[in-house]
file target38.csv (CSV, C-alpha atoms)
chain,number,residue,atom,x,y,z
A,241,MET,CA,0.0,0.0,0.0
A,242,PHE,CA,2.9,2.4,0.9
A,243,ALA,CA,4.4,1.6,-2.5
A,244,LEU,CA,1.2,2.8,-4.3
A,245,ILE,CA,1.2,6.0,-2.4
A,246,ALA,CA,4.9,6.6,-3.1
A,247,PHE,CA,4.3,5.8,-6.8
A,248,ALA,CA,1.4,8.2,-6.9
A,249,VAL,CA,3.4,11.2,-5.6
A,250,MET,CA,6.3,10.7,-8.0
A,251,THR,CA,7.2,14.0,-9.7
A,252,GLU,CA,8.1,14.4,-13.3
A,253,GLU,CA,11.8,14.6,-12.4
A,254,SER,CA,11.7,11.2,-10.7
A,255,VAL,CA,9.8,9.6,-13.6
A,256,PHE,CA,12.4,11.0,-16.0
A,257,ALA,CA,15.3,9.7,-13.8
A,258,LEU,CA,13.6,6.3,-13.6
A,259,PHE,CA,13.2,6.2,-17.4
A,260,GLY,CA,16.8,7.2,-17.9
A,261,CYS,CA,18.0,4.4,-15.6
A,262,ALA,CA,15.9,1.9,-17.4
A,263,LEU,CA,17.2,3.1,-20.8
A,264,PHE,CA,20.8,2.9,-19.5
A,265,ALA,CA,20.2,-0.7,-18.2
A,266,ALA,CA,18.8,-1.7,-21.5
A,267,ALA,CA,21.7,-0.2,-23.5
A,268,LEU,CA,24.2,-1.9,-21.2
A,269,PHE,CA,22.4,-5.2,-21.6
A,270,VAL,CA,22.6,-4.9,-25.4
A,271,TYR,CA,26.2,-3.8,-25.3
A,272,VAL,CA,27.3,-6.7,-23.1
A,273,PHE,CA,25.3,-9.5,-24.8
A,274,TYR,CA,25.0,-8.5,-28.4
A,275,ARG,CA,27.1,-10.7,-30.8
A,276,PRO,CA,27.7,-9.2,-34.2
A,277,ASP,CA,27.4,-11.5,-37.2
A,278,GLU,CA,31.0,-11.1,-38.3
A,279,VAL,CA,33.7,-10.9,-35.7
A,280,GLU,CA,37.1,-9.7,-37.0
A,281,ALA,CA,39.8,-12.1,-36.1
A,282,GLY,CA,43.5,-11.4,-36.4
A,283,GLU,CA,45.7,-13.4,-38.6
A,284,GLU,CA,46.4,-17.0,-37.7
A,285,LYS,CA,49.8,-17.4,-36.3
A,286,THR,CA,51.9,-20.4,-37.3
A,287,ARG,CA,54.4,-21.9,-35.0
A,288,SER,CA,57.3,-20.5,-36.9
A,289,LEU,CA,55.8,-17.0,-36.8
A,290,TYR,CA,55.3,-17.3,-33.1
A,291,LEU,CA,58.9,-18.5,-32.6
A,292,GLN,CA,60.2,-15.6,-34.8
A,293,GLU,CA,58.3,-13.1,-32.5
A,294,ARG,CA,59.7,-14.8,-29.4
A,295,LYS,CA,63.2,-14.7,-30.9
A,296,ASP,CA,62.9,-11.0,-31.6
A,297,ALA,CA,61.6,-10.4,-28.0
A,298,THR,CA,64.4,-12.4,-26.5
A,299,TYR,CA,67.1,-10.5,-28.5
A,300,GLU,CA,65.5,-7.2,-27.4
A,301,ASN,CA,65.6,-8.4,-23.8
A,302,LEU,CA,69.2,-9.3,-24.1
A,303,ARG,CA,70.0,-5.8,-25.5
A,304,ASP,CA,68.0,-4.2,-22.6
A,305,LEU,CA,69.8,-6.4,-20.1
A,306,ASN,CA,73.2,-5.4,-21.5
A,307,PHE,CA,72.2,-1.7,-21.3
A,308,GLU,CA,71.1,-2.0,-17.7
A,309,TYR,CA,74.3,-3.8,-16.8
A,310,LYS,CA,76.4,-1.1,-18.4
A,311,ALA,CA,74.3,1.6,-16.6
A,312,GLY,CA,75.2,0.0,-13.3
A,313,LYS,CA,71.6,-1.1,-12.4
A,314,LEU,CA,72.6,-4.8,-12.2
A,315,SER,CA,75.3,-6.6,-10.3
A,316,GLU,CA,77.7,-8.8,-12.2
A,317,GLN,CA,76.2,-11.9,-10.7
A,318,ASP,CA,72.6,-11.0,-11.6
A,319,TYR,CA,73.7,-10.0,-15.1
A,320,GLY,CA,75.4,-13.4,-15.6
A,321,VAL,CA,72.3,-15.4,-14.4
A,322,GLN,CA,69.8,-13.4,-16.4
A,323,ARG,CA,72.0,-13.4,-19.5
A,324,ALA,CA,72.5,-17.2,-19.3
A,325,ALA,CA,68.8,-17.7,-19.0
A,326,LEU,CA,68.0,-15.5,-22.0
A,327,GLU,CA,70.8,-17.1,-24.1
A,328,ASP,CA,69.4,-20.6,-23.2
A,329,GLU,CA,65.9,-19.4,-24.3
A,330,ALA,CA,67.2,-18.0,-27.5
A,331,ALA,CA,69.2,-21.2,-28.3
A,332,ALA,CA,66.0,-23.3,-27.7
A,333,ILE,CA,64.0,-21.0,-30.0
A,334,LEU,CA,66.7,-21.1,-32.7
A,335,ALA,CA,66.9,-24.9,-32.5
A,336,GLU,CA,63.1,-25.2,-32.9
A,337,LEU,CA,63.0,-22.8,-35.8
A,338,GLU,CA,65.8,-24.7,-37.5
A,339,SER,CA,63.9,-28.0,-37.0
A,340,ILE,CA,60.8,-26.5,-38.5
A,341,GLU,CA,62.7,-25.2,-41.5
A,342,LYS,CA,64.4,-28.6,-42.0
A,343,ALA,CA,61.0,-30.3,-41.9
A,344,ARG,CA,59.7,-27.8,-44.4
A,345,SER,CA,62.6,-28.4,-46.8
A,346,VAL,CA,62.0,-32.2,-46.5
A,347,VAL,CA,58.4,-31.8,-47.4
A,348,ARG,CA,59.1,-29.3,-50.2
A,349,HIS,CA,61.9,-31.2,-51.9
A,350,GLY,CA,60.7,-34.7,-51.1
A,351,THR,CA,64.1,-35.5,-49.5
A,352,ARG,CA,64.2,-38.8,-47.7
A,353,ARG,CA,66.8,-40.9,-46.0
A,354,PRO,CA,69.0,-42.9,-48.3
A,355,GLY,CA,68.2,-46.6,-48.6
A,356,VAL,CA,64.5,-46.2,-47.6
A,357,ARG,CA,61.7,-46.6,-50.1
A,358,PRO,CA,58.7,-44.3,-50.0
A,359,SER,CA,56.6,-47.4,-49.1
A,360,GLY,CA,58.6,-47.8,-45.9
A,361,GLY,CA,60.7,-50.8,-46.9
A,362,ARG,CA,64.4,-51.0,-47.4
A,363,ALA,CA,66.1,-50.4,-50.7
call {"tool": "encode", "arguments": {"input": "target38.csv", "output": "structure tokens"}}
result
Amino acid sequence: MFALIAFAVMTEESVFALFGCALFAAALFVYVFYRPDEVEAGEEKTRSLYLQERKDATYENLRDLNFEYKAGKLSEQDYGVQRAALEDEAAAILAELESIEKARSVVRHGTRRPGVRPSGGRA
């Protein structure tokens, strides 16, 4: 009963505010849950493209590390540990990139081990 009395004495300003809140809630609902028909997706990354980006980032980290060491921000021990870790990471990335390139060349040129027939038997 009290709700009816309170609703009856609402002024124009409160009705306008209530309408604004409802409109905002509806717009927010549409913004959050609306799914467009076409979603733009970025380019698909291959493993070799990903590794190339990681290699570039690792080399940049090595340059930054060298700069910070020369600027006196790192102790020699910290520099050695971090540099060894980054060099190990770079070596692993380069090894994987090389294995991917080697596998691509085998597929491209049809290279196979000597003495093995394509059917799997020995020559």
call {"tool": "closest_residue", "arguments": {"input": "target38.csv", "among": "A:Glu336, A:Glu278, A:Leu302, A:Lys342", "to": "Tyr290 in chain A", "atoms": "all atoms listed in the file"}}
result
A:Glu336
call {"tool": "closest_residue", "arguments": {"input": "target38.csv", "among": "A:Val272, A:Val346, A:Lys295, A:Ile340", "to": "Asp328 in chain A", "atoms": "only C-alpha atoms"}}
result
A:Lys295
call {"tool": "closest_residue", "arguments": {"input": "target38.csv", "among": "A:Leu326, A:Ile333, A:Ala266, A:Val321", "to": "Arg303 in chain A", "atoms": "all atoms listed in the file"}}
result
A:Leu326
call {"tool": "closest_residue", "arguments": {"input": "target38.csv", "among": "A:Arg294, A:Ser254, A:Glu308, A:Phe273", "to": "Arg323 in chain A", "atoms": "all atoms listed in the file"}}
result
A:Glu308
call {"tool": "closest_residue", "arguments": {"input": "target38.csv", "among": "A:Ala343, A:Asp304, A:Ser315, A:Thr298", "to": "Ala330 in chain A", "atoms": "all atoms listed in the file"}}
result
A:Thr298
call {"tool": "atom_distance", "arguments": {"input": "target38.csv", "atom1": "CA of Asp296 in chain A", "atom2": "CA of Glu284 in chain A"}}
result
18.6 Å
call {"tool": "atom_distance", "arguments": {"input": "target38.csv", "atom1": "CA of Asp318 in chain A", "atom2": "CA of Asn306 in chain A"}}
result
11.4 Å
call {"tool": "atom_distance", "arguments": {"input": "target38.csv", "atom1": "CA of Ala325 in chain A", "atom2": "CA of Tyr309 in chain A"}}
result
15.1 Å
call {"tool": "closest_residue", "arguments": {"input": "target38.csv", "among": "A:Arg275, A:Glu327, A:Ser288, A:Leu268", "to": "Glu300 in chain A", "atoms": "all atoms listed in the file"}}
result
A:Glu327
call {"tool": "decode", "arguments": {"input": "target38.csv", "residues": "range 242-337 of chain A", "atoms": "C-alpha atoms", "output": "mmCIF file, in the first residue's frame"}}
result
data_model
loop_
_atom_site.group_PDB
_atom_site.id
_atom_site.type_symbol
_atom_site.label_atom_id
_atom_site.label_comp_id
_atom_site.auth_asym_id
_atom_site.auth_seq_id
_atom_site.Cartn_x
_atom_site.Cartn_y
_atom_site.Cartn_z
ATOM 1 C CA PHE A 242 2.860 2.353 0.867
ATOM 2 C CA ALA A 243 4.408 1.600 -2.536
ATOM 3 C CA LEU A 244 1.236 2.752 -4.274
ATOM 4 C CA ILE A 245 1.227 6.014 -2.355
ATOM 5 C CA ALA A 246 4.920 6.589 -3.117
ATOM 6 C CA PHE A 247 4.340 5.847 -6.800
ATOM 7 C CA ALA A 248 1.396 8.229 -6.927
ATOM 8 C CA VAL A 249 3.414 11.183 -5.586
ATOM 9 C CA MET A 250 6.325 10.737 -8.009
ATOM 10 C CA THR A 251 7.222 13.958 -9.713
ATOM 11 C CA GLU A 252 8.111 14.440 -13.327
ATOM 12 C CA GLU A 253 11.800 14.552 -12.431
ATOM 13 C CA SER A 254 11.735 11.195 -10.704
ATOM 14 C CA VAL A 255 9.838 9.631 -13.634
ATOM 15 C CA PHE A 256 12.447 11.049 -16.007
ATOM 16 C CA ALA A 257 15.284 9.683 -13.832
ATOM 17 C CA LEU A 258 13.613 6.264 -13.643
ATOM 18 C CA PHE A 259 13.188 6.216 -17.419
ATOM 19 C CA GLY A 260 16.840 7.205 -17.864
ATOM 20 C CA CYS A 261 18.002 4.402 -15.579
ATOM 21 C CA ALA A 262 15.871 1.856 -17.432
ATOM 22 C CA LEU A 263 17.202 3.083 -20.774
ATOM 23 C CA PHE A 264 20.786 2.894 -19.503
ATOM 24 C CA ALA A 265 20.218 -0.651 -18.195
ATOM 25 C CA ALA A 266 18.757 -1.749 -21.541
ATOM 26 C CA ALA A 267 21.660 -0.195 -23.476
ATOM 27 C CA LEU A 268 24.163 -1.862 -21.152
ATOM 28 C CA PHE A 269 22.426 -5.203 -21.585
ATOM 29 C CA VAL A 270 22.563 -4.907 -25.380
ATOM 30 C CA TYR A 271 26.218 -3.812 -25.305
ATOM 31 C CA VAL A 272 27.279 -6.745 -23.133
ATOM 32 C CA PHE A 273 25.287 -9.533 -24.760
ATOM 33 C CA TYR A 274 25.016 -8.479 -28.426
ATOM 34 C CA ARG A 275 27.078 -10.661 -30.760
ATOM 35 C CA PRO A 276 27.697 -9.238 -34.214
ATOM 36 C CA ASP A 277 27.400 -11.530 -37.217
ATOM 37 C CA GLU A 278 30.996 -11.069 -38.292
ATOM 38 C CA VAL A 279 33.742 -10.921 -35.744
ATOM 39 C CA GLU A 280 37.080 -9.688 -37.004
ATOM 40 C CA ALA A 281 39.798 -12.115 -36.135
ATOM 41 C CA GLY A 282 43.478 -11.420 -36.375
ATOM 42 C CA GLU A 283 45.743 -13.386 -38.628
ATOM 43 C CA GLU A 284 46.371 -16.965 -37.659
ATOM 44 C CA LYS A 285 49.845 -17.434 -36.306
ATOM 45 C CA THR A 286 51.900 -20.379 -37.324
ATOM 46 C CA ARG A 287 54.386 -21.921 -34.960
ATOM 47 C CA SER A 288 57.318 -20.475 -36.906
ATOM 48 C CA LEU A 289 55.807 -16.960 -36.839
ATOM 49 C CA TYR A 290 55.282 -17.270 -33.092
ATOM 50 C CA LEU A 291 58.869 -18.450 -32.626
ATOM 51 C CA GLN A 292 60.179 -15.591 -34.763
ATOM 52 C CA GLU A 293 58.346 -13.101 -32.534
ATOM 53 C CA ARG A 294 59.732 -14.811 -29.415
ATOM 54 C CA LYS A 295 63.243 -14.684 -30.885
ATOM 55 C CA ASP A 296 62.909 -10.952 -31.555
ATOM 56 C CA ALA A 297 61.607 -10.353 -28.033
ATOM 57 C CA THR A 298 64.422 -12.414 -26.503
ATOM 58 C CA TYR A 299 67.062 -10.500 -28.459
ATOM 59 C CA GLU A 300 65.488 -7.229 -27.357
ATOM 60 C CA ASN A 301 65.558 -8.427 -23.753
ATOM 61 C CA LEU A 302 69.247 -9.280 -24.134
ATOM 62 C CA ARG A 303 69.951 -5.758 -25.466
ATOM 63 C CA ASP A 304 68.009 -4.214 -22.568
ATOM 64 C CA LEU A 305 69.831 -6.408 -20.075
ATOM 65 C CA ASN A 306 73.203 -5.398 -21.506
ATOM 66 C CA PHE A 307 72.223 -1.714 -21.327
ATOM 67 C CA GLU A 308 71.072 -2.001 -17.705
ATOM 68 C CA TYR A 309 74.301 -3.784 -16.757
ATOM 69 C CA LYS A 310 76.419 -1.082 -18.388
ATOM 70 C CA ALA A 311 74.316 1.583 -16.647
ATOM 71 C CA GLY A 312 75.175 -0.024 -13.308
ATOM 72 C CA LYS A 313 71.646 -1.150 -12.438
ATOM 73 C CA LEU A 314 72.597 -4.834 -12.181
ATOM 74 C CA SER A 315 75.311 -6.618 -10.283
ATOM 75 C CA GLU A 316 77.674 -8.839 -12.231
ATOM 76 C CA GLN A 317 76.153 -11.947 -10.680
ATOM 77 C CA ASP A 318 72.563 -10.950 -11.564
ATOM 78 C CA TYR A 319 73.684 -10.011 -15.058
ATOM 79 C CA GLY A 320 75.358 -13.383 -15.569
ATOM 80 C CA VAL A 321 72.349 -15.367 -14.351
ATOM 81 C CA GLN A 322 69.828 -13.419 -16.427
ATOM 82 C CA ARG A 323 72.020 -13.392 -19.513
ATOM 83 C CA ALA A 324 72.530 -17.168 -19.305
ATOM 84 C CA ALA A 325 68.763 -17.700 -18.997
ATOM 85 C CA LEU A 326 68.022 -15.469 -21.994
ATOM 86 C CA GLU A 327 70.756 -17.094 -24.084
ATOM 87 C CA ASP A 328 69.379 -20.557 -23.248
ATOM 88 C CA GLU A 329 65.911 -19.414 -24.270
ATOM 89 C CA ALA A 330 67.246 -17.958 -27.528
ATOM 90 C CA ALA A 331 69.155 -21.168 -28.281
ATOM 91 C CA ALA A 332 66.036 -23.279 -27.727
ATOM 92 C CA ILE A 333 64.008 -20.996 -29.992
ATOM 93 C CA LEU A 334 66.655 -21.095 -32.726
ATOM 94 C CA ALA A 335 66.875 -24.887 -32.508
ATOM 95 C CA GLU A 336 63.120 -25.237 -32.885
ATOM 96 C CA LEU A 337 63.050 -22.763 -35.781
#
